[in-house]
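> First the structure, then my questions, so here it is.
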Amino acid sequence: MTKAPTIVERLGTVAYRNQGRSDARAHILVDTAVCNGTCPHRCTTYVCPANCYTEDDEGQVRFQFEDCIECGTCLYACDQGAVRWRFPDPESGRGVNWSLG
Ligand code: SF4
Ligand code: SF4
């Protein structure tokens, strides 16, 4: 019987059309001034499966959209009004390309 792929293996099949492109436009905008100013929990740094939300060595929240897999979690997890999605993507209607599924 064929073994089902793990989540990590599945994520490895995602093709990111934005990576390596200097002209890519973000489909998610985050007001990191809110993240680093008044956010009491920084929950998106825990729940994003692609680690798009991280804390740097100085404890500042950073966001990068290029690894996003469009799961939608951050849109609902952020209760501080800091996350804004731009769908459809102004350029192509999507943020990532899927190799499978
Ligand atoms: S929950 Fe919202 S405000 Fe807080 S760190 Fe995440 S995106 Fe920023
Ligand atoms: S949509 Fe999902 S993968 Fe993309 S930034 Fe939000 S939580 Fe992370």
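Letters for chains follow the order of the structure tokens (A, B, ...), residue numbers begin at 1 for each chain, and ligand numbers begin at 1 in the order shown.
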Sort by chain and increasing residue number a table of all residues of chain A within 9 Å of ligand 1, each with its closest pair of atoms and their distance in Å to one decimal, counting only C-alpha atoms and all ligand atoms, and write it as CSV.


residue,atom,partner,partner_atom_place_in_ligand_line,distance
A:Val30,CA,ligand 1,7 (S),6.2
A:Asp31,CA,ligand 1,8 (Fe),6.9
A:Thr32,CA,ligand 1,8 (Fe),5.8
A:Ala33,CA,ligand 1,8 (Fe),8.0
A:Val34,CA,ligand 1,3 (S),5.1
A:Cys35,CA,ligand 1,8 (Fe),3.5
A:Asn36,CA,ligand 1,5 (S),7.1
A:Gly37,CA,ligand 1,3 (S),8.4
A:Thr38,CA,ligand 1,3 (S),7.4
A:Cys39,CA,ligand 1,4 (Fe),4.6
A:Pro40,CA,ligand 1,4 (Fe),6.9
A:His41,CA,ligand 1,4 (Fe),6.1
A:Arg42,CA,ligand 1,5 (S),3.6
A:Cys43,CA,ligand 1,1 (S),4.8
A:Thr44,CA,ligand 1,6 (Fe),4.1
A:Thr45,CA,ligand 1,6 (Fe),6.2
A:Tyr46,CA,ligand 1,6 (Fe),8.7
A:Tyr53,CA,ligand 1,6 (Fe),7.2
A:Thr54,CA,ligand 1,5 (S),8.7
A:Val61,CA,ligand 1,5 (S),6.4
A:Arg62,CA,ligand 1,5 (S),8.6
A:Phe63,CA,ligand 1,7 (S),8.3
A:Cys74,CA,ligand 1,7 (S),6.8
A:Leu75,CA,ligand 1,7 (S),8.4
A:Ala77,CA,ligand 1,1 (S),6.3
A:Cys78,CA,ligand 1,1 (S),3.9
A:Asp79,CA,ligand 1,1 (S),6.1
A:Gln80,CA,ligand 1,3 (S),4.9
A:Gly81,CA,ligand 1,2 (Fe),6.6
A:Ala82,CA,ligand 1,3 (S),5.0
A:Val83,CA,ligand 1,7 (S),5.6

> Report as a short mmCIF file (atom, residue, chain, number, x, y, z; two decimals) with N, CA, C and O atoms, in the first residue's frame which protein, DNA and RNA residues come within 8 Å of ligand 2, using only C-alpha atoms and all ligand atoms.


data_model
loop_
_atom_site.label_atom_id
_atom_site.label_comp_id
_atom_site.auth_asym_id
_atom_site.auth_seq_id
_atom_site.Cartn_x
_atom_site.Cartn_y
_atom_site.Cartn_z
N ILE A 28 -1.40 39.71 0.47
CA ILE A 28 -1.75 39.96 1.87
C ILE A 28 -0.91 41.13 2.35
O ILE A 28 0.31 41.14 2.17
N THR A 44 -0.53 35.14 15.08
CA THR A 44 -0.21 34.68 13.73
C THR A 44 1.22 34.15 13.62
O THR A 44 1.51 33.37 12.72
N VAL A 47 0.36 30.46 14.34
CA VAL A 47 -0.60 29.65 13.57
C VAL A 47 -0.32 29.58 12.08
O VAL A 47 -0.86 28.71 11.41
N CYS A 48 0.47 30.47 11.54
CA CYS A 48 0.73 30.40 10.10
C CYS A 48 1.56 29.15 9.79
O CYS A 48 2.68 29.02 10.27
N PRO A 49 1.04 28.24 8.97
CA PRO A 49 1.76 26.99 8.69
C PRO A 49 2.98 27.18 7.81
O PRO A 49 3.82 26.30 7.72
N ALA A 50 3.07 28.34 7.16
CA ALA A 50 4.19 28.58 6.24
C ALA A 50 5.23 29.52 6.84
O ALA A 50 6.16 29.93 6.13
N ASN A 51 5.06 29.87 8.11
CA ASN A 51 6.01 30.77 8.80
C ASN A 51 6.18 32.11 8.08
O ASN A 51 7.28 32.64 8.00
N CYS A 52 5.08 32.62 7.59
CA CYS A 52 5.14 33.94 6.97
C CYS A 52 5.22 35.05 8.01
O CYS A 52 5.71 36.14 7.72
N TYR A 53 4.73 34.77 9.20
CA TYR A 53 4.81 35.72 10.32
C TYR A 53 5.89 35.21 11.28
O TYR A 53 5.80 34.09 11.79
N PHE A 63 6.59 40.15 8.43
CA PHE A 63 5.70 39.38 7.56
C PHE A 63 6.28 39.34 6.16
O PHE A 63 6.76 40.36 5.64
N GLN A 64 6.26 38.18 5.54
CA GLN A 64 6.62 38.07 4.14
C GLN A 64 5.60 37.15 3.47
O GLN A 64 5.24 36.12 3.99
N PHE A 65 5.10 37.59 2.34
CA PHE A 65 3.99 36.90 1.69
C PHE A 65 4.44 35.81 0.73
O PHE A 65 3.63 34.96 0.33
N ASP A 67 5.99 32.99 0.82
CA ASP A 67 5.82 31.57 1.14
C ASP A 67 4.38 31.20 1.46
O ASP A 67 4.10 30.04 1.79
N CYS A 68 3.48 32.15 1.37
CA CYS A 68 2.08 31.91 1.75
C CYS A 68 1.47 30.79 0.91
O CYS A 68 1.68 30.74 -0.30
N ILE A 69 0.71 29.92 1.56
CA ILE A 69 0.01 28.85 0.84
C ILE A 69 -1.50 29.13 0.78
O ILE A 69 -2.27 28.24 0.45
N GLU A 70 -1.88 30.34 1.12
CA GLU A 70 -3.26 30.78 1.02
C GLU A 70 -4.23 29.91 1.81
O GLU A 70 -5.32 29.59 1.34
N CYS A 71 -3.82 29.55 3.02
CA CYS A 71 -4.72 28.74 3.85
C CYS A 71 -5.84 29.57 4.46
O CYS A 71 -6.87 29.05 4.85
N GLY A 72 -5.62 30.87 4.58
CA GLY A 72 -6.65 31.76 5.11
C GLY A 72 -6.62 31.93 6.62
O GLY A 72 -7.41 32.70 7.16
N THR A 73 -5.75 31.23 7.30
CA THR A 73 -5.75 31.26 8.77
C THR A 73 -5.55 32.66 9.33
O THR A 73 -6.27 33.08 10.25
N CYS A 74 -4.59 33.39 8.80
CA CYS A 74 -4.26 34.69 9.40
C CYS A 74 -5.41 35.68 9.26
O CYS A 74 -5.58 36.55 10.12
N LEU A 75 -6.20 35.54 8.22
CA LEU A 75 -7.31 36.46 8.03
C LEU A 75 -8.29 36.36 9.20
O LEU A 75 -8.87 37.35 9.62
#

> Extract the full set of strand (DSSP E) residues from stretch 8-100 of chain A according to DSSP on the backbone, and format it as a CSV table (one decimal) with N, CA and C atoms, in the first residue's frame.


chain,number,residue,atom,x,y,z
A,14,VAL,N,4.2,22.5,-3.5
A,14,VAL,CA,3.6,23.9,-3.9
A,14,VAL,C,4.7,24.6,-4.7
A,15,ALA,N,4.2,25.1,-5.8
A,15,ALA,CA,5.1,26.0,-6.6
A,15,ALA,C,4.7,27.4,-6.4
A,28,ILE,N,-1.4,39.7,0.5
A,28,ILE,CA,-1.8,40.0,1.9
A,28,ILE,C,-0.9,41.1,2.4
A,29,LEU,N,-1.6,42.1,3.0
A,29,LEU,CA,-0.9,43.3,3.5
A,29,LEU,C,-1.1,43.2,5.0
A,30,VAL,N,0.0,43.4,5.7
A,30,VAL,CA,0.0,43.4,7.2
A,30,VAL,C,0.5,44.7,7.7
A,53,TYR,N,4.7,34.8,9.2
A,53,TYR,CA,4.8,35.7,10.3
A,53,TYR,C,5.9,35.2,11.3
A,54,THR,N,6.9,36.0,11.5
A,54,THR,CA,8.0,35.6,12.4
A,54,THR,C,8.4,36.8,13.3
A,55,GLU,N,9.1,36.4,14.3
A,55,GLU,CA,9.7,37.5,15.2
A,55,GLU,C,11.2,37.4,15.0
A,61,VAL,N,7.9,41.7,15.0
A,61,VAL,CA,7.1,40.8,14.1
A,61,VAL,C,7.4,41.3,12.6
A,62,ARG,N,7.7,40.3,11.8
A,62,ARG,CA,8.0,40.5,10.4
A,62,ARG,C,7.0,39.7,9.6
A,63,PHE,N,6.6,40.2,8.4
A,63,PHE,CA,5.7,39.4,7.6
A,63,PHE,C,6.3,39.3,6.2
A,83,VAL,N,-4.5,42.6,9.3
A,83,VAL,CA,-4.3,41.8,8.1
A,83,VAL,C,-5.4,42.2,7.1
A,84,ARG,N,-4.9,42.4,5.9
A,84,ARG,CA,-5.8,42.8,4.8
A,84,ARG,C,-5.4,41.9,3.6
A,85,TRP,N,-6.4,41.2,3.0
A,85,TRP,CA,-6.2,40.4,1.8
A,85,TRP,C,-6.6,41.2,0.6
A,97,ASN,N,1.0,28.8,-7.2
A,97,ASN,CA,0.6,27.8,-8.1
A,97,ASN,C,0.7,26.4,-7.4
A,98,TRP,N,-0.2,25.6,-7.6
A,98,TRP,CA,-0.2,24.3,-7.0
A,98,TRP,C,0.3,23.2,-8.0

> Could you pull out the helix (DSSP H, G or I) residues of stretch 18-90 of chain A from DSSP and send them as number ranges by chain?

A: 32-37, 44-47, 73-77

> Mind dumping the selected residues with C-alpha atoms as a CSV table (one decimal), in the first residue's frame?


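This is the output file part.csv:
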chain,number,residue,atom,x,y,z
A,32,THR,CA,3.2,45.5,11.4
A,33,ALA,CA,3.0,48.7,13.4
A,34,VAL,CA,0.0,47.1,15.0
A,35,CYS,CA,1.8,43.8,15.5
A,36,ASN,CA,4.7,45.6,17.2
A,37,GLY,CA,2.7,48.2,18.9
A,44,THR,CA,-0.2,34.7,13.7
A,45,THR,CA,3.4,34.0,14.5
A,46,TYR,CA,2.2,30.7,16.0
A,47,VAL,CA,-0.6,29.7,13.6
A,73,THR,CA,-5.8,31.3,8.8
A,74,CYS,CA,-4.3,34.7,9.4
A,75,LEU,CA,-7.3,36.5,8.0
A,76,TYR,CA,-9.4,34.9,10.8
A,77,ALA,CA,-6.7,34.6,13.5

> State, in Å with one decimal place, the distance from atom CA of A:Arg10 to atom CA of A:Asp57.

29.7 Å
